[in-house]
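Reading through the structure tokens given below for one structure.
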Amino acid sequence: MNDVIDRQTPVTVRPVSASLDETVRRFADRPGMAFLGRRTTYGELGRQVDLAARGFQQRGVRKGVKVGLCLPNTPYFVICYYAVLKAGGTVVNFNPLYVERELAHQIKDSGTTIMVTLDVQLIYPKIAAMLDSTPLEKVVVCSMADILPTMQGFLFQVLKRADVAAVPEDLRHIRFERLIANDGQLKPVEIDPLTDIAVLQYTGGTTGLPKGAILTHANLSANAEQVSRWVPSVQPGQERMLCVLPLFHVFAMTGAMNSGIQGGAELILLPRFELDQVVKYIVRKRPTLFPGVPTIYTAIIGAAEKGGSDLSSIRCCISGGAPLPVETRARFEQLTGCLLVEGYGLSEASPVVCCNPFQAVKAGSVGVPLPGTTVEVRSPQDPSRVLPPGEKGEICVRGPQVMAGYWQKQAETEQVFVDGALRTGDIGYVDEDGYIFLVDRIKDVIISGGYNIYPRVIEEALYQHPAVAEAVVIAVPDPYRGQAPKAFVRLRDGQRTTPDELKEFLSGYVSKIELPKLIEIRDVLPKTMVGKLSKKELVAEEEAKAAELGGSLDKAS
Ligand code: AMP
């Protein structure tokens, strides 16, 4: 592979919808989206976006108006996202699995007044409950049956009537068909990419309640372009992008949808990750690009090892969101014949900061900064001090993709920037060649008897064991050392081992102080909505156990 990444041309910034308009002009007859057997050309997608944008304008969407999208991956997501932006509004992404308390917090905090959702029992009733208890004024309701191929749509209505939510006919509800029942003559909106807010992306950040990262049109258009430049030998209008990560999450929003549209790729939309379905889709739809998170690639490895599925269409994959074990990368490439590289980012940076060049991967590294991006490592104790190569510290970022700040959170915004650079809350270092290595998140570091233990070091060691499929290490209380590491492990199908054997194995890889005090083998490990292994639930379980133990000791004494 000899494509060289273009670092010379300055990264352009523009309204996010400008790249869709350009793709619609260039590739009107090419497929734009595929969803459960239905295909939409870019020409049709452009038309649907204009109709929906006009419909939003007729209902008051303009600069400053926040429109929530609470949708799984469906054509509605893509259409409404671009329509809101074209109408001049701001998109607020909502996770459809949120409970009412989480939805209410995000609606109130962002000032969302219109929400787009799906007429399914799992989602719609939660949104309906928001109409009387939050600033939410209107709900645009999309019909699930309408986007399924004719026969499936019919069956969905007949057989799964119980899954379809009843939606009242009143002024607060707008059916998607009504939203798009207009002439598509939208009033042109002058967007200033540098100041107009495209998306409020909620994230826990490094601390506290979810906050809205302000992503401007400039931030998002820059990151889509930076990512597009990374992938070698891309053929505009010819690629097929597998979109199985949820589009409401920042990684898929930029890495799959926005960069895919910029390059005229066909977006193959899947509403959730089901291994058999994903494998079937790869075989049938032959995607060429496949952004994912490590747990997804691990699952595909399991399927590929069984054989019988042709996964050879995939050319390039970017893994992000969580550490990609070196073993997983090697095995995935070996089984599929594609290239899998690891990148790194966070909501506050739209999200991609750095990535391994497909042409020059360094094992265990998250790569080098994207064009127009600078990474510096600063002392966690004294953030004004930039550290030399090789020294571990907090990763800080500058670049056109870095957010403007947190929505209506002045104090948190001031804290997250140092001399104009974004503090990521991640510990890492840069080597002499400029490659970035992550060590861990500041908040996950385990302090044991005064030593810093990085859970990731222990996790990487566990992945070296042939029976280990997934591993997570957290801190548990320890009477002598304050904290000690505990590991949770899921084994590969058909494999066996014991905690003692694993400890024995680990002693060859980690120091004595890093050796987990306990190792627990489980059938499943908790994951976030995007499929990252999640520590939160395990930490809460351990805290509850400790509290119970403390309580019974109190009673005994
Ligand atoms: P979010 O804002 O939800 O996308 O989460 C961002 C966080 O995910 C970062 O601050 C990192 O801690 C973590 N993260 C992202 N990419 C990687 C990676 N390749 N390896 C390890 N952690 C990562």
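Residue numbering restarts at 1 in every chain; chains get A, B, ... in the order shown in the structure tokens, and ligands count up from 1 in that same order.
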Would you give me, as a Markdown table, each residue of stretch 354-427 of chain A having an atom within 9 Å of an atom of stretch 223-230 of chain A, along with its shortest atom pair and that distance in Å to one decimal, using only C-alpha atoms and sorting by chain and residue number?
| residue | atom | partner | partner_atom | distance |
| --- | --- | --- | --- | --- |
| A:Cys355 | CA | A:Trp230 | CA | 8.3 |
| A:Pro357 | CA | A:Trp230 | CA | 7.0 |
| A:Phe358 | CA | A:Trp230 | CA | 7.8 |
| A:Leu370 | CA | A:Gln226 | CA | 6.2 |
| A:Pro371 | CA | A:Gln226 | CA | 6.2 |
| A:Gly372 | CA | A:Gln226 | CA | 8.2 |
| A:Pro400 | CA | A:Asn223 | CA | 7.6 |
| A:Gln401 | CA | A:Asn223 | CA | 5.5 |
For ligand 1, list the contacting residues at 8 Å or closer, counting only C-alpha atoms and all ligand atoms, as a ChimeraX atom specification.
/A:203-206,249-251,319-324,342-348,351,366,424-426,438,440-441
Using DSSP on the backbone coordinates, identify the residues of stretch 279-382 of chain A assigned to strand (DSSP E or B); present them as a ChimeraX atom specification.
/A:289,292,316-319,339-345,352-355,367-369,374-378
Stretch 255-363 of chain A near stretch 488-499 of chain A within 12 Å: what's each residue's closest atom pair and its distance in Å to one decimal, counting only C-alpha atoms, ordered by chain then ascending residue number, as CSV?
residue,atom,partner,partner_atom,distance
A:Thr295,CA,A:Arg490,CA,11.7
A:Thr298,CA,A:Arg492,CA,9.9
A:Ala299,CA,A:Arg492,CA,10.0
A:Ile301,CA,A:Arg492,CA,10.5
A:Gly302,CA,A:Asp493,CA,8.1
A:Ala303,CA,A:Asp493,CA,10.7
A:Glu305,CA,A:Asp493,CA,10.9
A:Lys306,CA,A:Asp493,CA,11.0
I'd like to know which of A:Ser221, A:Glu100, A:Cys80, A:Ile191 is closest to A:Val141, using only C-alpha atoms.
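Checking each of A:Ser221, A:Glu100, A:Cys80, A:Ile191 against A:Val141, counting only C-alpha atoms, the winner is A:Cys80.
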So which residues touch stretch 279-285 of chain A within 12 Å, counting only C-alpha atoms, skipping near sequence neighbours fewer than 3 positions away, as a PyMOL selection string?
chain A and resi 31+33-39+239-244+266-270+273-276+288-290+296-297+299-304+306-315+336
Would you write out those residues with N, CA and C atoms, as a short mmCIF file (atom, residue, chain, number, x, y, z; two decimals), in the first residue's frame?
data_model
loop_
_atom_site.label_atom_id
_atom_site.label_comp_id
_atom_site.auth_asym_id
_atom_site.auth_seq_id
_atom_site.Cartn_x
_atom_site.Cartn_y
_atom_site.Cartn_z
N PRO A 31 -26.25 4.10 -4.94
CA PRO A 31 -26.95 3.80 -3.69
C PRO A 31 -26.42 4.64 -2.53
N MET A 33 -28.22 4.53 0.80
CA MET A 33 -28.46 3.80 2.06
C MET A 33 -29.10 2.45 1.73
N ALA A 34 -28.77 1.45 2.55
CA ALA A 34 -29.47 0.17 2.45
C ALA A 34 -29.96 -0.16 3.85
N PHE A 35 -31.23 -0.54 3.94
CA PHE A 35 -31.78 -0.88 5.25
C PHE A 35 -32.72 -2.07 5.09
N LEU A 36 -32.40 -3.18 5.68
CA LEU A 36 -33.22 -4.39 5.64
C LEU A 36 -33.86 -4.64 4.27
N GLY A 37 -33.02 -4.67 3.26
CA GLY A 37 -33.55 -5.05 1.94
C GLY A 37 -34.07 -3.87 1.12
N ARG A 38 -34.08 -2.67 1.68
CA ARG A 38 -34.51 -1.51 0.90
C ARG A 38 -33.32 -0.63 0.59
N ARG A 39 -33.26 -0.13 -0.65
CA ARG A 39 -32.16 0.73 -1.04
C ARG A 39 -32.66 2.12 -1.40
N GLU A 239 -17.58 2.86 -2.43
CA GLU A 239 -17.39 2.08 -1.19
C GLU A 239 -18.74 1.75 -0.55
N ARG A 240 -18.72 0.72 0.30
CA ARG A 240 -19.91 0.37 1.09
C ARG A 240 -19.50 0.34 2.56
N MET A 241 -20.22 1.15 3.38
CA MET A 241 -19.83 1.34 4.79
C MET A 241 -20.80 0.59 5.69
N LEU A 242 -20.31 -0.33 6.48
CA LEU A 242 -21.18 -1.06 7.40
C LEU A 242 -21.41 -0.21 8.65
N CYS A 243 -22.67 0.20 8.87
CA CYS A 243 -22.98 1.07 10.02
C CYS A 243 -23.72 0.24 11.05
N VAL A 244 -22.97 -0.42 11.92
CA VAL A 244 -23.62 -1.21 12.96
C VAL A 244 -23.46 -0.55 14.33
N GLU A 266 -22.08 3.84 0.13
CA GLU A 266 -23.42 3.37 0.48
C GLU A 266 -23.41 3.03 1.97
N LEU A 267 -24.36 3.57 2.74
CA LEU A 267 -24.41 3.28 4.17
C LEU A 267 -25.29 2.05 4.37
N ILE A 268 -24.71 0.98 4.89
CA ILE A 268 -25.49 -0.23 5.16
C ILE A 268 -25.88 -0.16 6.64
N LEU A 269 -27.17 0.13 6.88
CA LEU A 269 -27.60 0.43 8.24
C LEU A 269 -28.14 -0.82 8.95
N LEU A 270 -27.64 -1.05 10.14
CA LEU A 270 -28.16 -2.15 10.96
C LEU A 270 -28.59 -1.56 12.30
N PHE A 273 -26.45 -4.66 17.04
CA PHE A 273 -25.44 -5.68 16.77
C PHE A 273 -25.97 -7.06 17.16
N GLU A 274 -26.28 -7.85 16.15
CA GLU A 274 -26.59 -9.27 16.38
C GLU A 274 -25.63 -10.03 15.50
N LEU A 275 -24.80 -10.83 16.13
CA LEU A 275 -23.68 -11.43 15.41
C LEU A 275 -24.10 -12.12 14.12
N ASP A 276 -25.12 -12.99 14.20
CA ASP A 276 -25.50 -13.76 13.01
C ASP A 276 -25.93 -12.83 11.88
N THR A 288 -17.16 -2.67 2.28
CA THR A 288 -15.71 -2.55 2.11
C THR A 288 -15.08 -1.87 3.33
N LEU A 289 -15.87 -1.06 4.04
CA LEU A 289 -15.36 -0.32 5.21
C LEU A 289 -16.21 -0.70 6.42
N PHE A 290 -15.55 -0.86 7.56
CA PHE A 290 -16.28 -1.37 8.72
C PHE A 290 -15.71 -0.78 10.01
N ILE A 296 -16.86 -5.89 19.05
CA ILE A 296 -17.48 -6.33 17.80
C ILE A 296 -16.50 -7.18 17.00
N TYR A 297 -15.25 -6.72 16.90
CA TYR A 297 -14.27 -7.50 16.15
C TYR A 297 -14.01 -8.85 16.84
N ALA A 299 -16.20 -10.56 18.52
CA ALA A 299 -17.34 -11.44 18.21
C ALA A 299 -17.21 -11.99 16.78
N ILE A 300 -16.80 -11.14 15.85
CA ILE A 300 -16.68 -11.60 14.45
C ILE A 300 -15.60 -12.68 14.35
N ILE A 301 -14.54 -12.52 15.14
CA ILE A 301 -13.48 -13.55 15.12
C ILE A 301 -14.09 -14.91 15.47
N GLY A 302 -14.95 -14.91 16.52
CA GLY A 302 -15.59 -16.16 16.95
C GLY A 302 -16.36 -16.79 15.80
N ALA A 303 -17.09 -15.95 15.04
CA ALA A 303 -17.90 -16.46 13.93
C ALA A 303 -17.00 -16.93 12.80
N ALA A 304 -15.95 -16.14 12.53
CA ALA A 304 -15.07 -16.48 11.40
C ALA A 304 -14.31 -17.78 11.67
N LYS A 306 -15.42 -20.35 13.00
CA LYS A 306 -16.27 -21.51 12.67
C LYS A 306 -16.25 -21.79 11.17
N GLY A 307 -15.86 -20.76 10.38
CA GLY A 307 -15.72 -20.94 8.93
C GLY A 307 -17.06 -20.85 8.20
N GLY A 308 -17.00 -20.93 6.88
CA GLY A 308 -18.22 -20.98 6.08
C GLY A 308 -18.78 -19.62 5.68
N SER A 309 -18.18 -18.50 6.17
CA SER A 309 -18.71 -17.18 5.79
C SER A 309 -17.61 -16.40 5.06
N ASP A 310 -17.98 -15.86 3.91
CA ASP A 310 -17.00 -15.11 3.13
C ASP A 310 -16.99 -13.65 3.59
N LEU A 311 -15.95 -13.27 4.33
CA LEU A 311 -15.88 -11.91 4.87
C LEU A 311 -14.86 -11.07 4.09
N SER A 312 -14.49 -11.56 2.90
CA SER A 312 -13.35 -10.97 2.21
C SER A 312 -13.62 -9.62 1.57
N SER A 313 -14.88 -9.17 1.54
CA SER A 313 -15.15 -7.86 0.92
C SER A 313 -14.56 -6.71 1.75
N ILE A 314 -14.42 -6.95 3.08
CA ILE A 314 -13.98 -5.85 3.96
C ILE A 314 -12.51 -5.53 3.66
N ARG A 315 -12.26 -4.22 3.44
CA ARG A 315 -10.90 -3.80 3.12
C ARG A 315 -10.25 -3.12 4.31
N THR A 336 -9.87 -12.45 8.16
CA THR A 336 -10.69 -11.78 7.14
C THR A 336 -9.85 -11.29 5.96
#
So, with only C-alpha atoms as the atoms that count, which of A:Ala484, A:Ala104, A:Cys70, A:Val189 lies closest to A:Val139?
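The shortest atom-to-atom distance to A:Val139 comes from A:Cys70.
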Within 9 Å of A:Asp444, counting only C-alpha atoms, which residues show up once you throw out same-chain ones fewer than 6 positions away? Write them as a ChimeraX atom specification, please.
/A:454-455,474-475
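Between A:Gly111 and the residues A:Gly184, A:Gly212, A:Pro75, A:Gly60, the shortest atom-to-atom distance, using only C-alpha atoms, involves A:Gly212.
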Determine the nearest neighbour of A:Lys187 from the options A:Met115, A:Ile214, A:Leu122, A:Leu51, counting only C-alpha atoms.
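Going through A:Met115, A:Ile214, A:Leu122, A:Leu51 one by one, the smallest distance to A:Lys187 is for A:Leu51.
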With a cut-off of 9 Å, could you pull out the residues of stretch 239-280 of chain A touching stretch 1-19 of chain A and give me the nearest pair of atoms for each, distance in Å to one decimal, using only C-alpha atoms, ordered by chain and ascending number, as CSV?
residue,atom,partner,partner_atom,distance
A:Asn258,CA,A:Val16,CA,8.1
A:Ile261,CA,A:Ser19,CA,7.2
A:Gln262,CA,A:Ser19,CA,5.3
A:Gly263,CA,A:Ser19,CA,8.6
Store the residues of this selection in a file with all heavy atoms, as a tab-separated table (two decimals), in the first residue's frame.
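Ended up saving to again_21.tsv:
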chain	number	residue	atom	x	y	z
A	258	ASN	N	-20.98	10.54	8.57
A	258	ASN	CA	-20.52	11.77	7.90
A	258	ASN	C	-19.37	11.52	6.93
A	258	ASN	O	-19.36	12.06	5.82
A	258	ASN	CB	-20.11	12.84	8.94
A	258	ASN	CG	-21.32	13.39	9.68
A	258	ASN	OD1	-22.47	13.19	9.27
A	258	ASN	ND2	-21.08	14.08	10.78
A	261	ILE	N	-20.76	9.57	3.87
A	261	ILE	CA	-21.51	10.43	2.95
A	261	ILE	C	-20.55	11.33	2.18
A	261	ILE	O	-20.68	11.53	0.97
A	261	ILE	CB	-22.59	11.24	3.71
A	261	ILE	CG1	-23.73	10.28	4.08
A	261	ILE	CG2	-23.07	12.44	2.92
A	261	ILE	CD1	-24.90	10.88	4.80
A	262	GLN	N	-19.54	11.85	2.87
A	262	GLN	CA	-18.57	12.69	2.19
A	262	GLN	C	-17.92	11.96	1.00
A	262	GLN	O	-17.67	12.55	-0.04
A	262	GLN	CB	-17.50	13.12	3.20
A	262	GLN	CG	-16.29	13.70	2.55
A	262	GLN	CD	-15.63	14.75	3.43
A	262	GLN	OE1	-16.18	15.20	4.42
A	262	GLN	NE2	-14.46	15.17	3.05
A	263	GLY	N	-17.68	10.65	1.16
A	263	GLY	CA	-17.05	9.90	0.08
A	263	GLY	C	-18.04	9.20	-0.84
A	263	GLY	O	-17.65	8.36	-1.64
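Atom CA of A:Glu190 sits 18.1 Å away from atom CA of A:Gly55.
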Closest to A:Pro466 among A:Glu137, A:Glu520, A:Glu327, A:Glu504, using only C-alpha atoms?
A:Glu327
Selection near A:Glu542, 12 Å with only C-alpha atoms, sequence-local residues under 6 positions removed, as number ranges by chain
A: 474-478, 485-488, 518, 520, 535-536, 548-549
Hey, can you spit out that residue selection with all heavy atoms as a tab-separated table (two decimals), in the first residue's frame?
chain	number	residue	atom	x	y	z
A	474	ILE	N	-10.70	-3.76	37.45
A	474	ILE	CA	-11.12	-2.57	38.21
A	474	ILE	C	-10.43	-2.57	39.57
A	474	ILE	O	-9.81	-3.56	39.97
A	474	ILE	CB	-12.66	-2.53	38.42
A	474	ILE	CG1	-13.13	-3.74	39.25
A	474	ILE	CG2	-13.40	-2.46	37.09
A	474	ILE	CD1	-14.55	-3.58	39.78
A	475	ALA	N	-10.64	-1.45	40.30
A	475	ALA	CA	-10.07	-1.36	41.65
A	475	ALA	C	-11.10	-1.86	42.66
A	475	ALA	O	-12.28	-1.57	42.52
A	475	ALA	CB	-9.74	0.09	41.97
A	476	VAL	N	-10.63	-2.64	43.63
A	476	VAL	CA	-11.50	-3.00	44.76
A	476	VAL	C	-10.79	-2.57	46.05
A	476	VAL	O	-9.56	-2.47	46.07
A	476	VAL	CB	-11.82	-4.52	44.79
A	476	VAL	CG1	-12.74	-4.92	43.65
A	476	VAL	CG2	-10.57	-5.38	44.80
A	477	PRO	N	-11.58	-2.30	47.10
A	477	PRO	CA	-10.94	-1.86	48.35
A	477	PRO	C	-10.04	-2.95	48.92
A	477	PRO	O	-10.35	-4.13	48.81
A	477	PRO	CB	-12.13	-1.61	49.30
A	477	PRO	CG	-13.36	-1.68	48.47
A	477	PRO	CD	-13.04	-2.41	47.20
A	478	ASP	N	-8.93	-2.52	49.49
A	478	ASP	CA	-8.00	-3.46	50.10
A	478	ASP	C	-7.55	-2.88	51.45
A	478	ASP	O	-7.11	-1.74	51.50
A	478	ASP	CB	-6.77	-3.65	49.19
A	478	ASP	CG	-5.80	-4.65	49.76
A	478	ASP	OD1	-5.00	-4.28	50.66
A	478	ASP	OD2	-5.85	-5.81	49.31
A	485	PRO	N	-6.17	-4.50	42.40
A	485	PRO	CA	-6.89	-4.83	41.17
A	485	PRO	C	-7.70	-6.13	41.27
A	485	PRO	O	-7.27	-7.07	41.93
A	485	PRO	CB	-5.76	-5.00	40.14
A	485	PRO	CG	-4.50	-5.15	40.91
A	485	PRO	CD	-4.73	-4.72	42.32
A	486	LYS	N	-8.87	-6.13	40.64
A	486	LYS	CA	-9.65	-7.36	40.50
A	486	LYS	C	-9.98	-7.52	39.01
A	486	LYS	O	-10.35	-6.53	38.35
A	486	LYS	CB	-10.94	-7.28	41.32
A	486	LYS	CG	-11.86	-8.45	41.03
A	486	LYS	CD	-13.04	-8.57	41.99
A	486	LYS	CE	-13.89	-9.78	41.58
A	486	LYS	NZ	-15.07	-9.96	42.42
A	487	ALA	N	-9.84	-8.74	38.51
A	487	ALA	CA	-10.10	-8.96	37.07
A	487	ALA	C	-11.39	-9.75	36.86
A	487	ALA	O	-11.70	-10.65	37.65
A	487	ALA	CB	-8.93	-9.71	36.45
A	488	PHE	N	-12.11	-9.40	35.83
A	488	PHE	CA	-13.29	-10.15	35.39
A	488	PHE	C	-12.98	-10.65	33.98
A	488	PHE	O	-12.51	-9.87	33.15
A	488	PHE	CB	-14.53	-9.26	35.36
A	488	PHE	CG	-14.94	-8.77	36.72
A	488	PHE	CD1	-14.32	-7.66	37.29
A	488	PHE	CD2	-15.92	-9.43	37.43
A	488	PHE	CE1	-14.69	-7.21	38.54
A	488	PHE	CE2	-16.29	-9.00	38.69
A	488	PHE	CZ	-15.68	-7.89	39.25
A	518	LEU	N	-8.12	-10.79	43.02
A	518	LEU	CA	-9.16	-11.77	42.68
A	518	LEU	C	-9.34	-11.81	41.18
A	518	LEU	O	-9.22	-10.77	40.51
A	518	LEU	CB	-10.49	-11.34	43.30
A	518	LEU	CG	-10.64	-11.45	44.80
A	518	LEU	CD1	-11.84	-10.65	45.26
A	518	LEU	CD2	-10.78	-12.92	45.21
A	520	GLU	N	-12.38	-13.25	38.56
A	520	GLU	CA	-13.70	-13.88	38.49
A	520	GLU	C	-14.00	-14.20	37.04
A	520	GLU	O	-13.86	-13.32	36.17
A	520	GLU	CB	-14.73	-12.89	39.05
A	520	GLU	CG	-16.01	-13.53	39.44
A	520	GLU	CD	-16.96	-12.51	40.12
A	520	GLU	OE1	-16.52	-11.74	41.01
A	520	GLU	OE2	-18.13	-12.49	39.71
A	535	LYS	N	-17.00	-0.69	32.89
A	535	LYS	CA	-16.51	-0.97	34.25
A	535	LYS	C	-17.54	-0.55	35.30
A	535	LYS	O	-17.51	-1.04	36.42
A	535	LYS	CB	-15.21	-0.20	34.51
A	535	LYS	CG	-14.11	-0.55	33.54
A	535	LYS	CD	-12.76	-0.04	33.97
A	535	LYS	CE	-11.71	-0.59	33.01
A	535	LYS	NZ	-10.37	-0.30	33.38
A	536	LYS	N	-18.39	0.41	34.91
A	536	LYS	CA	-19.31	1.06	35.86
A	536	LYS	C	-20.10	0.05	36.69
A	536	LYS	O	-20.15	0.12	37.90
A	536	LYS	CB	-20.26	1.92	35.01
A	536	LYS	CG	-20.84	3.10	35.69
A	536	LYS	CD	-21.56	4.00	34.68
A	536	LYS	CE	-22.74	3.25	34.08
A	536	LYS	NZ	-23.38	3.94	32.97
A	548	GLU	N	-22.14	-3.95	52.07
A	548	GLU	CA	-22.86	-5.01	52.79
A	548	GLU	C	-21.96	-5.64	53.85
A	548	GLU	O	-22.34	-5.80	54.99
A	548	GLU	CB	-23.26	-6.08	51.79
A	548	GLU	CG	-24.53	-6.83	52.16
A	548	GLU	CD	-24.92	-7.71	50.99
A	548	GLU	OE1	-25.53	-7.21	50.03
A	548	GLU	OE2	-24.56	-8.89	51.06
A	549	LEU	N	-20.73	-5.89	53.43
A	549	LEU	CA	-19.77	-6.49	54.34
A	549	LEU	C	-19.50	-5.56	55.51
A	549	LEU	O	-19.51	-5.97	56.67
A	549	LEU	CB	-18.47	-6.74	53.57
A	549	LEU	CG	-17.59	-7.86	54.06
A	549	LEU	CD1	-18.33	-9.17	53.98
A	549	LEU	CD2	-16.31	-7.91	53.21
Considering only C-alpha atoms, can you say which of A:Arg398, A:Leu71, A:Ile513, A:Gln464 comes closest to A:Gly449?
A:Ile513
DSSP alpha helix (DSSP H) selection over stretch 52-110 of chain A, as a ChimeraX atom specification:
/A:52-58,75-86,100-110
Compile the contact shell of A:Asp183 as a list of chain:residue names: residues with an atom at most 12 Å away, counting only C-alpha atoms, same-chain residues fewer than 5 positions apart removed.
A:Arg47, A:Gln48, A:Val49, A:Asp50, A:Leu51, A:Ala52, A:Ala53, A:Arg54, A:Gly55, A:Gln58, A:Arg178
Once you have the residues from the selection above, write them out as an mmCIF file, in the first residue's frame, restricted to all heavy atoms.
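Okay, result_13.cif is ready:
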data_model
loop_
_atom_site.group_PDB
_atom_site.id
_atom_site.type_symbol
_atom_site.label_atom_id
_atom_site.label_comp_id
_atom_site.auth_asym_id
_atom_site.auth_seq_id
_atom_site.Cartn_x
_atom_site.Cartn_y
_atom_site.Cartn_z
ATOM 1 N N ARG A 47 -33.406 14.366 -1.737
ATOM 2 C CA ARG A 47 -34.777 14.880 -1.845
ATOM 3 C C ARG A 47 -35.499 14.751 -0.494
ATOM 4 O O ARG A 47 -36.143 15.680 -0.029
ATOM 5 C CB ARG A 47 -35.496 14.073 -2.947
ATOM 6 C CG ARG A 47 -36.949 14.386 -3.135
ATOM 7 C CD ARG A 47 -37.134 15.606 -4.025
ATOM 8 N NE ARG A 47 -38.544 15.964 -4.085
ATOM 9 C CZ ARG A 47 -38.994 17.201 -4.037
ATOM 10 N NH1 ARG A 47 -38.166 18.221 -3.943
ATOM 11 N NH2 ARG A 47 -40.277 17.456 -4.100
ATOM 12 N N GLN A 48 -35.334 13.582 0.147
ATOM 13 C CA GLN A 48 -35.994 13.362 1.448
ATOM 14 C C GLN A 48 -35.474 14.360 2.488
ATOM 15 O O GLN A 48 -36.228 14.862 3.306
ATOM 16 C CB GLN A 48 -35.700 11.946 1.947
ATOM 17 C CG GLN A 48 -36.294 10.860 1.084
ATOM 18 C CD GLN A 48 -37.613 10.357 1.653
ATOM 19 O OE1 GLN A 48 -37.747 10.241 2.848
ATOM 20 N NE2 GLN A 48 -38.572 10.108 0.790
ATOM 21 N N VAL A 49 -34.177 14.621 2.441
ATOM 22 C CA VAL A 49 -33.587 15.567 3.404
ATOM 23 C C VAL A 49 -34.189 16.963 3.179
ATOM 24 O O VAL A 49 -34.575 17.654 4.121
ATOM 25 C CB VAL A 49 -32.039 15.593 3.283
ATOM 26 C CG1 VAL A 49 -31.435 16.772 4.030
ATOM 27 C CG2 VAL A 49 -31.450 14.281 3.794
ATOM 28 N N ASP A 50 -34.317 17.384 1.926
ATOM 29 C CA ASP A 50 -34.880 18.708 1.649
ATOM 30 C C ASP A 50 -36.332 18.802 2.121
ATOM 31 O O ASP A 50 -36.749 19.819 2.692
ATOM 32 C CB ASP A 50 -34.799 19.030 0.153
ATOM 33 C CG ASP A 50 -33.373 19.427 -0.239
ATOM 34 O OD1 ASP A 50 -32.538 19.566 0.676
ATOM 35 O OD2 ASP A 50 -33.104 19.587 -1.443
ATOM 36 N N LEU A 51 -37.103 17.735 1.886
ATOM 37 C CA LEU A 51 -38.511 17.756 2.317
ATOM 38 C C LEU A 51 -38.592 17.842 3.844
ATOM 39 O O LEU A 51 -39.357 18.639 4.387
ATOM 40 C CB LEU A 51 -39.243 16.490 1.838
ATOM 41 C CG LEU A 51 -39.443 16.360 0.323
ATOM 42 C CD1 LEU A 51 -40.001 14.981 -0.031
ATOM 43 C CD2 LEU A 51 -40.386 17.449 -0.206
ATOM 44 N N ALA A 52 -37.793 17.018 4.510
ATOM 45 C CA ALA A 52 -37.842 17.034 5.973
ATOM 46 C C ALA A 52 -37.336 18.379 6.505
ATOM 47 O O ALA A 52 -37.887 18.924 7.466
ATOM 48 C CB ALA A 52 -37.019 15.886 6.541
ATOM 49 N N ALA A 53 -36.295 18.947 5.850
ATOM 50 C CA ALA A 53 -35.757 20.247 6.307
ATOM 51 C C ALA A 53 -36.841 21.322 6.194
ATOM 52 O O ALA A 53 -37.034 22.129 7.109
ATOM 53 C CB ALA A 53 -34.538 20.634 5.474
ATOM 54 N N ARG A 54 -37.561 21.325 5.085
ATOM 55 C CA ARG A 54 -38.646 22.303 4.914
ATOM 56 C C ARG A 54 -39.719 22.071 5.986
ATOM 57 O O ARG A 54 -40.217 23.014 6.593
ATOM 58 C CB ARG A 54 -39.249 22.179 3.503
ATOM 59 C CG ARG A 54 -40.393 23.131 3.237
ATOM 60 C CD ARG A 54 -39.901 24.578 3.154
ATOM 61 N NE ARG A 54 -40.998 25.529 3.154
ATOM 62 C CZ ARG A 54 -41.089 26.575 3.979
ATOM 63 N NH1 ARG A 54 -40.145 26.818 4.872
ATOM 64 N NH2 ARG A 54 -42.109 27.394 3.916
ATOM 65 N N GLY A 55 -40.037 20.780 6.223
ATOM 66 C CA GLY A 55 -41.032 20.442 7.250
ATOM 67 C C GLY A 55 -40.598 20.951 8.625
ATOM 68 O O GLY A 55 -41.400 21.491 9.385
ATOM 69 N N GLN A 58 -41.043 24.707 8.712
ATOM 70 C CA GLN A 58 -42.450 25.078 8.889
ATOM 71 C C GLN A 58 -42.883 24.948 10.346
ATOM 72 O O GLN A 58 -43.835 25.577 10.777
ATOM 73 C CB GLN A 58 -43.340 24.186 8.016
ATOM 74 C CG GLN A 58 -43.251 24.537 6.541
ATOM 75 C CD GLN A 58 -43.926 23.489 5.657
ATOM 76 O OE1 GLN A 58 -44.005 22.306 6.009
ATOM 77 N NE2 GLN A 58 -44.406 23.920 4.502
ATOM 78 N N ARG A 178 -46.299 13.481 7.450
ATOM 79 C CA ARG A 178 -46.805 14.862 7.401
ATOM 80 C C ARG A 178 -45.651 15.862 7.371
ATOM 81 O O ARG A 178 -45.721 16.902 6.728
ATOM 82 C CB ARG A 178 -47.720 15.127 8.592
ATOM 83 C CG ARG A 178 -49.157 15.193 8.139
ATOM 84 C CD ARG A 178 -50.174 15.627 9.182
ATOM 85 N NE ARG A 178 -49.760 16.563 10.192
ATOM 86 C CZ ARG A 178 -49.936 16.349 11.507
ATOM 87 N NH1 ARG A 178 -50.469 15.225 11.941
ATOM 88 N NH2 ARG A 178 -49.586 17.263 12.381
#
